[in-house]
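**Q** So I've got this file, entry-v7.csv, and it contains CSV, N, CA, C and O atoms:
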```csv
chain,number,residue,atom,x,y,z
E,1,MET,N,2.6,9.9,9.8
E,1,MET,CA,3.5,9.3,8.9
E,1,MET,C,4.9,9.5,9.4
E,1,MET,O,5.3,10.6,10.0
E,2,ILE,N,5.7,8.5,9.4
E,2,ILE,CA,7.1,8.5,9.8
E,2,ILE,C,8.0,8.8,8.6
E,2,ILE,O,8.0,8.1,7.7
E,3,ASN,N,8.7,9.9,8.7
E,3,ASN,CA,9.6,10.3,7.6
E,3,ASN,C,10.8,11.0,8.2
E,3,ASN,O,11.1,12.2,8.0
E,4,ALA,N,11.5,10.2,9.0
E,4,ALA,CA,12.7,10.8,9.7
E,4,ALA,C,13.8,11.3,8.8
E,4,ALA,O,14.5,12.2,9.2
E,5,LYS,N,13.9,10.8,7.6
E,5,LYS,CA,14.9,11.3,6.7
E,5,LYS,C,14.5,12.4,5.7
E,5,LYS,O,15.2,12.8,4.8
E,6,LYS,N,13.2,12.8,5.9
E,6,LYS,CA,12.7,13.9,5.1
E,6,LYS,C,12.6,13.7,3.6
E,6,LYS,O,12.9,14.5,2.8
E,7,HIS,N,12.3,12.4,3.3
E,7,HIS,CA,12.2,12.1,1.8
E,7,HIS,C,10.9,12.7,1.3
E,7,HIS,O,10.0,13.0,2.0
E,8,PRO,N,10.9,13.1,0.0
E,8,PRO,CA,9.7,13.7,-0.5
E,8,PRO,C,8.5,12.7,-0.5
E,8,PRO,O,8.7,11.5,-0.6
E,9,ASP,N,7.3,13.2,-0.3
E,9,ASP,CA,6.1,12.3,-0.3
E,9,ASP,C,5.9,11.7,-1.6
E,9,ASP,O,5.9,12.4,-2.6
E,10,ARG,N,5.7,10.4,-1.7
E,10,ARG,CA,5.3,9.7,-2.9
E,10,ARG,C,3.8,9.6,-3.0
E,10,ARG,O,3.2,9.6,-4.1
E,11,HIS,N,3.2,9.3,-1.9
E,11,HIS,CA,1.7,9.2,-1.8
E,11,HIS,C,1.3,9.6,-0.4
E,11,HIS,O,1.9,9.1,0.6
E,12,LYS,N,0.4,10.5,-0.3
E,12,LYS,CA,0.0,11.0,1.0
E,12,LYS,C,-1.6,10.9,1.0
E,12,LYS,O,-2.2,11.4,0.0
E,13,GLU,N,-2.1,10.3,2.0
E,13,GLU,CA,-3.6,10.2,2.1
E,13,GLU,C,-4.0,10.3,3.5
E,13,GLU,O,-3.3,9.7,4.4
E,14,GLU,N,-5.0,11.1,3.8
E,14,GLU,CA,-5.5,11.2,5.2
E,14,GLU,C,-6.7,10.3,5.3
E,14,GLU,O,-7.6,10.3,4.5
E,15,LEU,N,-6.7,9.4,6.4
E,15,LEU,CA,-7.8,8.5,6.6
E,15,LEU,C,-8.5,8.8,7.8
E,15,LEU,O,-7.9,9.2,8.8
E,16,PRO,N,-9.8,8.7,7.9
E,16,PRO,CA,-10.5,8.9,9.1
E,16,PRO,C,-10.2,7.7,10.0
E,16,PRO,O,-9.9,6.6,9.6
E,17,ALA,N,-10.3,7.9,11.3
E,17,ALA,CA,-10.0,6.9,12.3
E,17,ALA,C,-10.8,5.7,12.1
E,17,ALA,O,-12.0,5.7,11.8
E,18,GLY,N,-10.2,4.5,12.1
E,18,GLY,CA,-10.8,3.2,11.9
E,18,GLY,C,-10.9,2.7,10.5
E,18,GLY,O,-11.1,1.6,10.2
E,19,LYS,N,-10.6,3.6,9.5
E,19,LYS,CA,-10.6,3.2,8.1
E,19,LYS,C,-9.3,2.5,7.7
E,19,LYS,O,-8.2,2.9,8.1
E,20,SER,N,-9.4,1.4,6.9
E,20,SER,CA,-8.3,0.6,6.5
E,20,SER,C,-8.1,0.8,5.0
E,20,SER,O,-9.1,0.9,4.3
E,21,VAL,N,-6.9,0.8,4.5
E,21,VAL,CA,-6.6,0.8,3.1
E,21,VAL,C,-5.5,-0.2,2.8
E,21,VAL,O,-4.5,-0.4,3.6
E,22,ALA,N,-5.6,-1.0,1.7
E,22,ALA,CA,-4.6,-2.0,1.3
E,22,ALA,C,-3.8,-1.4,0.2
E,22,ALA,O,-4.4,-1.0,-0.9
E,23,PHE,N,-2.5,-1.3,0.4
E,23,PHE,CA,-1.6,-0.7,-0.6
E,23,PHE,C,-0.9,-1.9,-1.3
E,23,PHE,O,-0.4,-2.8,-0.7
E,24,CYS,N,-0.7,-1.8,-2.6
E,24,CYS,CA,-0.1,-2.8,-3.5
E,24,CYS,C,1.4,-2.8,-3.2
E,24,CYS,O,2.1,-1.8,-3.0
E,25,ARG,N,2.0,-4.1,-3.1
E,25,ARG,CA,3.4,-4.3,-3.0
E,25,ARG,C,3.9,-5.1,-4.2
E,25,ARG,O,5.1,-5.2,-4.3
E,26,CYS,N,3.1,-5.6,-5.0
E,26,CYS,CA,3.5,-6.4,-6.2
E,26,CYS,C,3.8,-5.5,-7.4
E,26,CYS,O,4.4,-5.9,-8.4
E,27,TRP,N,3.4,-4.2,-7.4
E,27,TRP,CA,3.6,-3.2,-8.4
E,27,TRP,C,2.8,-3.5,-9.7
E,27,TRP,O,3.0,-2.9,-10.7
E,28,GLN,N,1.8,-4.5,-9.7
E,28,GLN,CA,1.1,-4.9,-10.9
E,28,GLN,C,-0.4,-4.5,-10.8
E,28,GLN,O,-1.1,-4.8,-11.7
E,29,SER,N,-0.8,-3.9,-9.7
E,29,SER,CA,-2.2,-3.6,-9.5
E,29,SER,C,-2.7,-2.6,-10.6
E,29,SER,O,-2.1,-1.6,-10.9
E,30,GLY,N,-3.9,-2.9,-11.1
E,30,GLY,CA,-4.6,-1.9,-12.0
E,30,GLY,C,-5.1,-0.7,-11.3
E,30,GLY,O,-5.5,0.3,-12.0
E,31,LYS,N,-5.1,-0.7,-10.0
E,31,LYS,CA,-5.5,0.4,-9.2
E,31,LYS,C,-4.4,1.0,-8.4
E,31,LYS,O,-4.6,1.7,-7.4
E,32,PHE,N,-3.1,0.8,-8.8
E,32,PHE,CA,-2.0,1.2,-8.1
E,32,PHE,C,-2.1,2.7,-7.7
E,32,PHE,O,-2.5,3.5,-8.5
E,33,PRO,N,-1.8,3.1,-6.4
E,33,PRO,CA,-1.1,2.4,-5.4
E,33,PRO,C,-1.9,1.4,-4.5
E,33,PRO,O,-1.4,0.9,-3.6
E,34,TYR,N,-3.2,1.3,-4.9
E,34,TYR,CA,-4.1,0.4,-4.1
E,34,TYR,C,-4.0,-1.0,-4.6
E,34,TYR,O,-3.9,-1.3,-5.8
E,35,CYS,N,-4.2,-2.0,-3.7
E,35,CYS,CA,-4.3,-3.4,-4.1
E,35,CYS,C,-5.6,-3.7,-4.7
E,35,CYS,O,-6.6,-3.3,-4.3
E,36,ASP,N,-5.5,-4.5,-5.8
E,36,ASP,CA,-6.7,-5.0,-6.4
E,36,ASP,C,-6.7,-6.5,-6.5
E,36,ASP,O,-7.6,-7.1,-7.2
E,37,GLY,N,-5.8,-7.2,-5.8
E,37,GLY,CA,-5.8,-8.6,-5.7
E,37,GLY,C,-4.9,-9.3,-6.8
E,37,GLY,O,-4.8,-10.5,-6.8
E,38,THR,N,-4.3,-8.5,-7.7
E,38,THR,CA,-3.5,-9.1,-8.7
E,38,THR,C,-2.4,-10.0,-8.2
E,38,THR,O,-2.0,-10.9,-8.8
E,39,HIS,N,-1.9,-9.7,-7.0
E,39,HIS,CA,-0.8,-10.5,-6.4
E,39,HIS,C,-1.2,-12.0,-6.3
E,39,HIS,O,-0.3,-12.8,-6.3
E,40,ARG,N,-2.4,-12.3,-6.1
E,40,ARG,CA,-2.8,-13.7,-6.0
E,40,ARG,C,-2.4,-14.5,-7.2
E,40,ARG,O,-1.9,-15.6,-7.1
E,41,LYS,N,-2.7,-13.9,-8.4
E,41,LYS,CA,-2.4,-14.6,-9.6
E,41,LYS,C,-0.8,-14.7,-9.8
E,41,LYS,O,-0.3,-15.8,-10.1
E,42,LEU,N,-0.2,-13.6,-9.5
E,42,LEU,CA,1.3,-13.6,-9.6
E,42,LEU,C,1.9,-14.6,-8.6
E,42,LEU,O,2.9,-15.3,-8.9
E,43,ASN,N,1.4,-14.7,-7.4
E,43,ASN,CA,1.9,-15.7,-6.4
E,43,ASN,C,1.7,-17.1,-6.9
E,43,ASN,O,2.6,-17.9,-6.8
E,44,ALA,N,0.6,-17.4,-7.5
E,44,ALA,CA,0.3,-18.7,-8.0
E,44,ALA,C,1.3,-19.1,-9.2
E,44,ALA,O,1.8,-20.2,-9.3
E,45,GLU,N,1.5,-18.1,-10.0
E,45,GLU,CA,2.4,-18.3,-11.2
E,45,GLU,C,3.8,-18.5,-10.9
E,45,GLU,O,4.6,-19.2,-11.5
E,46,ASN,N,4.3,-17.7,-9.8
E,46,ASN,CA,5.7,-17.6,-9.5
E,46,ASN,C,6.1,-18.2,-8.2
E,46,ASN,O,7.3,-18.2,-7.9
E,47,GLY,N,5.2,-18.8,-7.5
E,47,GLY,CA,5.5,-19.3,-6.2
E,47,GLY,C,5.9,-18.3,-5.1
E,47,GLY,O,6.6,-18.6,-4.2
E,48,ASP,N,5.5,-17.1,-5.3
E,48,ASP,CA,5.8,-16.0,-4.4
E,48,ASP,C,4.7,-16.0,-3.3
E,48,ASP,O,3.7,-16.7,-3.3
E,49,ALA,N,4.9,-15.1,-2.3
E,49,ALA,CA,4.0,-14.9,-1.2
E,49,ALA,C,3.8,-13.4,-0.9
E,49,ALA,O,3.8,-13.1,0.3
E,50,VAL,N,3.8,-12.6,-1.9
E,50,VAL,CA,3.6,-11.2,-1.7
E,50,VAL,C,2.2,-10.8,-1.5
E,50,VAL,O,1.3,-11.5,-2.1
E,51,GLY,N,1.9,-9.9,-0.7
E,51,GLY,CA,0.5,-9.4,-0.5
E,51,GLY,C,0.6,-7.9,-0.2
E,51,GLY,O,1.6,-7.3,-0.1
E,52,PRO,N,-0.6,-7.3,0.0
E,52,PRO,CA,-0.6,-5.9,0.3
E,52,PRO,C,-0.1,-5.5,1.7
E,52,PRO,O,-0.1,-6.4,2.5
E,53,VAL,N,0.2,-4.3,1.8
E,53,VAL,CA,0.4,-3.7,3.2
E,53,VAL,C,-0.9,-3.0,3.5
E,53,VAL,O,-1.5,-2.3,2.7
E,54,ILE,N,-1.5,-3.4,4.7
E,54,ILE,CA,-2.8,-2.9,5.1
E,54,ILE,C,-2.6,-1.9,6.2
E,54,ILE,O,-1.9,-2.2,7.2
E,55,VAL,N,-3.0,-0.6,6.0
E,55,VAL,CA,-2.9,0.4,6.9
E,55,VAL,C,-4.2,0.8,7.5
E,55,VAL,O,-5.2,1.0,6.8
E,56,THR,N,-4.3,0.9,8.8
E,56,THR,CA,-5.5,1.3,9.5
E,56,THR,C,-5.2,2.5,10.3
E,56,THR,O,-4.3,2.5,11.1
E,57,ALA,N,-6.1,3.6,10.1
E,57,ALA,CA,-5.9,4.8,10.9
E,57,ALA,C,-6.4,4.6,12.3
E,57,ALA,O,-7.4,4.1,12.5
E,58,LEU,N,-5.6,5.2,13.2
E,58,LEU,CA,-6.0,5.2,14.6
E,58,LEU,C,-6.5,6.5,15.0
E,58,LEU,O,-6.2,7.5,14.3
E,59,ALA,N,-7.3,6.6,16.0
E,59,ALA,CA,-7.8,7.9,16.5
E,59,ALA,C,-6.7,8.7,17.1
E,59,ALA,O,-5.8,8.1,17.7
E,60,ALA,N,-6.7,10.0,16.8
E,60,ALA,CA,-5.7,10.9,17.4
E,60,ALA,C,-5.8,11.0,18.9
E,60,ALA,O,-6.9,11.0,19.4
E,61,ASP,N,-4.7,11.1,19.6
E,61,ASP,CA,-4.7,11.2,21.0
E,61,ASP,C,-5.1,12.6,21.4
E,61,ASP,O,-4.8,13.6,20.9
```
What would the structure in this file look like if it were written as C-alpha cells?
**A**
Amino acid sequence: MINAKKHPDRHKEELPAGKSVAFCRCWQSGKFPYCDGTHRKLNAENGDAVGPVIVTALAAD
C-alpha cells in the first residue's frame, strides 16, 4: 500500500498473490467497498462511464 502522507487507513485488506478484487467507485454498491455492478445502471441513466478499480495482488519479491 502506498501511503506517503500517512493518512489513516480507510480500508485495509491483505490479498494472496494472484487474487483480484473490484472496489466500488460509484459509491452506490450494496456491497460497498466492493463493486456489485450497480455502476452499470447508473452509467446508463446518467451517461457516465464510471467503473470499479480492480486490484490484483502480486507475489512478494
**Q** Could you pull out the residues in region 17-53 of chain E that DSSP calls strand (DSSP E) from the backbone, as a ChimeraX atom specification?
**A** /E:20-23,53
**Q** Quick one: residues within 5 Å of region 11-18 of chain E, all atoms listed in the file counted, chain neighbours fewer than 5 positions away excluded, as a PDB file with N, CA, C and O atoms, keeping the file's coordinate frame?
**A**
```pdb
ATOM      1  N   ALA E  57      -6.100   3.600  10.100  1.00  0.00           N
ATOM      2  CA  ALA E  57      -5.900   4.800  10.900  1.00  0.00           C
ATOM      3  C   ALA E  57      -6.400   4.600  12.300  1.00  0.00           C
ATOM      4  O   ALA E  57      -7.400   4.100  12.500  1.00  0.00           O
ATOM      5  N   LEU E  58      -5.600   5.200  13.200  1.00  0.00           N
ATOM      6  CA  LEU E  58      -6.000   5.200  14.600  1.00  0.00           C
ATOM      7  C   LEU E  58      -6.500   6.500  15.000  1.00  0.00           C
ATOM      8  O   LEU E  58      -6.200   7.500  14.300  1.00  0.00           O
ATOM      9  N   ALA E  59      -7.300   6.600  16.000  1.00  0.00           N
ATOM     10  CA  ALA E  59      -7.800   7.900  16.500  1.00  0.00           C
ATOM     11  C   ALA E  59      -6.700   8.700  17.100  1.00  0.00           C
ATOM     12  O   ALA E  59      -5.800   8.100  17.700  1.00  0.00           O
TER      13      ALA E  59
END
```
**Q** Could you jot down the atom C of Glu45 (chain E) to atom C of Pro33 (chain E) separation for me, Å, one decimal place?
**A** 21.7 Å
**Q** Run DSSP on the backbone and give me the residues of chain E it puts in helix (DSSP H, G or I), as number ranges by chain.
**A** E: 38-46
**Q** Report, in Å with one decimal, the straight-line distance from CA of Asp61 (chain E) to atom N of Ser20 (chain E).
**A**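 Taking CA of Asp61 (chain E) and atom N of Ser20 (chain E), their separation equals 17.8 Å.
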**Q** Between CA of Ser29 (chain E) and CA of Pro8 (chain E), what is the distance, to one decimal in Å?
**A**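 Interatomic distance, CA of Ser29 (chain E) to CA of Pro8 (chain E): 22.8 Å.
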**Q** My list of candidates is E:Arg10, E:Val55, E:Ala49, E:Leu42. Which is closest to Trp27 (chain E) when distances are computed with only C-alpha atoms?
**A**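 Among E:Arg10, E:Val55, E:Ala49, E:Leu42, it is E:Leu42 that comes nearest to Trp27 (chain E).
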**Q** Select, from E:His39, E:Lys6, E:Ala60, E:Asn46, the residue with the minimum atom-to-atom distance to Cys24 (chain E), counting only C-alpha atoms.
**A**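 Using only C-alpha atoms, the shortest distance to Cys24 (chain E) belongs to E:His39.
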**Q** Skipping near chain neighbours, those fewer than 6 positions away, what residues fall within 7 Å of Tyr34 (chain E) using only N, CA, C and O atoms, listed as a list in words?
**A** Ala22, Phe23, Cys24, Arg25 and Gln28 of chain E
**Q** Convert the current residue selection to file output with N, CA, C and O atoms, as a PDB file, in the coordinates of the input.
**A**
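Generated output (part29.pdb):
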```pdb
ATOM      1  N   ALA E  22      -5.600  -1.000   1.700  1.00  0.00           N
ATOM      2  CA  ALA E  22      -4.600  -2.000   1.300  1.00  0.00           C
ATOM      3  C   ALA E  22      -3.800  -1.400   0.200  1.00  0.00           C
ATOM      4  O   ALA E  22      -4.400  -1.000  -0.900  1.00  0.00           O
ATOM      5  N   PHE E  23      -2.500  -1.300   0.400  1.00  0.00           N
ATOM      6  CA  PHE E  23      -1.600  -0.700  -0.600  1.00  0.00           C
ATOM      7  C   PHE E  23      -0.900  -1.900  -1.300  1.00  0.00           C
ATOM      8  O   PHE E  23      -0.400  -2.800  -0.700  1.00  0.00           O
ATOM      9  N   CYS E  24      -0.700  -1.800  -2.600  1.00  0.00           N
ATOM     10  CA  CYS E  24      -0.100  -2.800  -3.500  1.00  0.00           C
ATOM     11  C   CYS E  24       1.400  -2.800  -3.200  1.00  0.00           C
ATOM     12  O   CYS E  24       2.100  -1.800  -3.000  1.00  0.00           O
ATOM     13  N   ARG E  25       2.000  -4.100  -3.100  1.00  0.00           N
ATOM     14  CA  ARG E  25       3.400  -4.300  -3.000  1.00  0.00           C
ATOM     15  C   ARG E  25       3.900  -5.100  -4.200  1.00  0.00           C
ATOM     16  O   ARG E  25       5.100  -5.200  -4.300  1.00  0.00           O
ATOM     17  N   GLN E  28       1.800  -4.500  -9.700  1.00  0.00           N
ATOM     18  CA  GLN E  28       1.100  -4.900 -10.900  1.00  0.00           C
ATOM     19  C   GLN E  28      -0.400  -4.500 -10.800  1.00  0.00           C
ATOM     20  O   GLN E  28      -1.100  -4.800 -11.700  1.00  0.00           O
TER      21      GLN E  28
END
```
**Q** Could you pull out every residue with an atom within 5 Å of (-1.9, -9.3, -1.8), file coordinates, counting only N, CA, C and O atoms, and send them as a list in words?
**A**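 Within the cut-off we find His39, Val50, Gly51 and Pro52 of chain E.
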